[in-house]
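Below is one structure; the comments refer to it alone.
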Amino acid sequence: MIEQWDYLIRLISIGSGLTLIAMVVASEVRLSVRVPLIGMLVGSISYVLNSSLLTPSNSLLEPWLIFVSLSTPFWIWLFGRRLFEREPERRIMLSVITVMVFGWFLRSFVPFAVSGGFIIIQLVSLALVVDLVRVGVFERDDDLVEDRRVVRLWLPLLAALQAGQILSVEMLELISVVDVKRPALSLLNSIVILMLMLFASLSLFRTNRELLPRRDEQQSTAGDDDLIPELDLSPSEKVLHDKLAAAMSEGAYNAPGLTIAALADQLDTPPHRLRALINSRLGHRNFSAFLNRYRIAEAQRMLSSGEHVDLPVLTIAMDLGYNSLPPFNRAFRELTGSSPSEFRKRAFAGNPVQPEIIEADQN
């Protein structure tokens, strides 16, 4: 009886996963988000197959199912990073992939190193979960998209549950004689997987188009000339917009560690109203992107000014509210296509190509 329920629930999980994959493939979700989302679903399906009696032990297929299933934390991490518009550095992604593949190889093909390979994979998975929690939860205040702010709470939890479940199963196999494919344990595992998959599907696909960026949507950047010519604002929004514009013109964006809550307090308005104005009316999905538009525009003026020609780049970054040089360099390169030093050299070259000066929101 238990085996029948186990098979039924796992078949439902597999069917749900395949349906979600078909929906994602047919959707207009941007490719950079679709790929890790599909990887996450495929990994979950592989884990359903690998951790049950649906596939026999010691089969030729088992190592490859293990490989795909153990990659699930990586895909969840990458999906979350890209969904929250926090693209990880390429070298970090390549390092994570290399270490996880090495751990899987030890676990699957080197008999005396099974435990070592398991530990490597779990340590990397734990690091990915911790990073996703940091980005998803602790940087949540920077997010201006309401649906995405909700996802920032449950997605790290989903990743932690998935990684914790795999860790528990692997630990049972390593340190005990308990067979995790026994009917009772397998049924419990099946229920957890189905709950996670259904929760993910409901959370992802009941929301509006603001959550998953579409192919034809481009993020608002400081280099664009597509400022909204006219804003259809209500009277209360008009008042708030004028107060915001005045604060920005006075250099409020230069405050170190400025948060939307602090700015809202300065403008004497609830944070959710300010968040809605900057997101829905001014077109920014993250508060940091909104601030960077002003900060980088000011940085360009300072870097191309003879008055500040001897001022170190680090000093300019600190004056503009950045806590260190790397975040300033990343924001500058992202919005202008060059580093601050390169921009300064072009600005003062003997016969320069006139650098494009970015203008902050004025509407």
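Letters for chains follow the order of the structure tokens (A, B, ...), residue numbers begin at 1 for each chain, and ligand numbers begin at 1 in the order shown.
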Among range 230-332 of chain A, which residues does DSSP mark as helix (DSSP H, G or I) when it is run on the backbone? Keep the chain and numbering as in the structure and answer as a ChimeraX atom specification. /A:235-249,252-254,260-267,271-281,287-303,306-308,313-319,325-332
Which neighbours of Pro88 in chain A fall inside 8 Å, counting only C-alpha atoms, when residues of the same chain fewer than 5 positions from it are skipped, and could you give them as a ChimeraX atom specification? /A:78,81,93
Residue with the minimum atom-to-atom distance to Ala331 in chain A, picked from A:Val35, A:Ala299, A:Val68, A:Leu188 with only C-alpha atoms counted, is A:Ala299
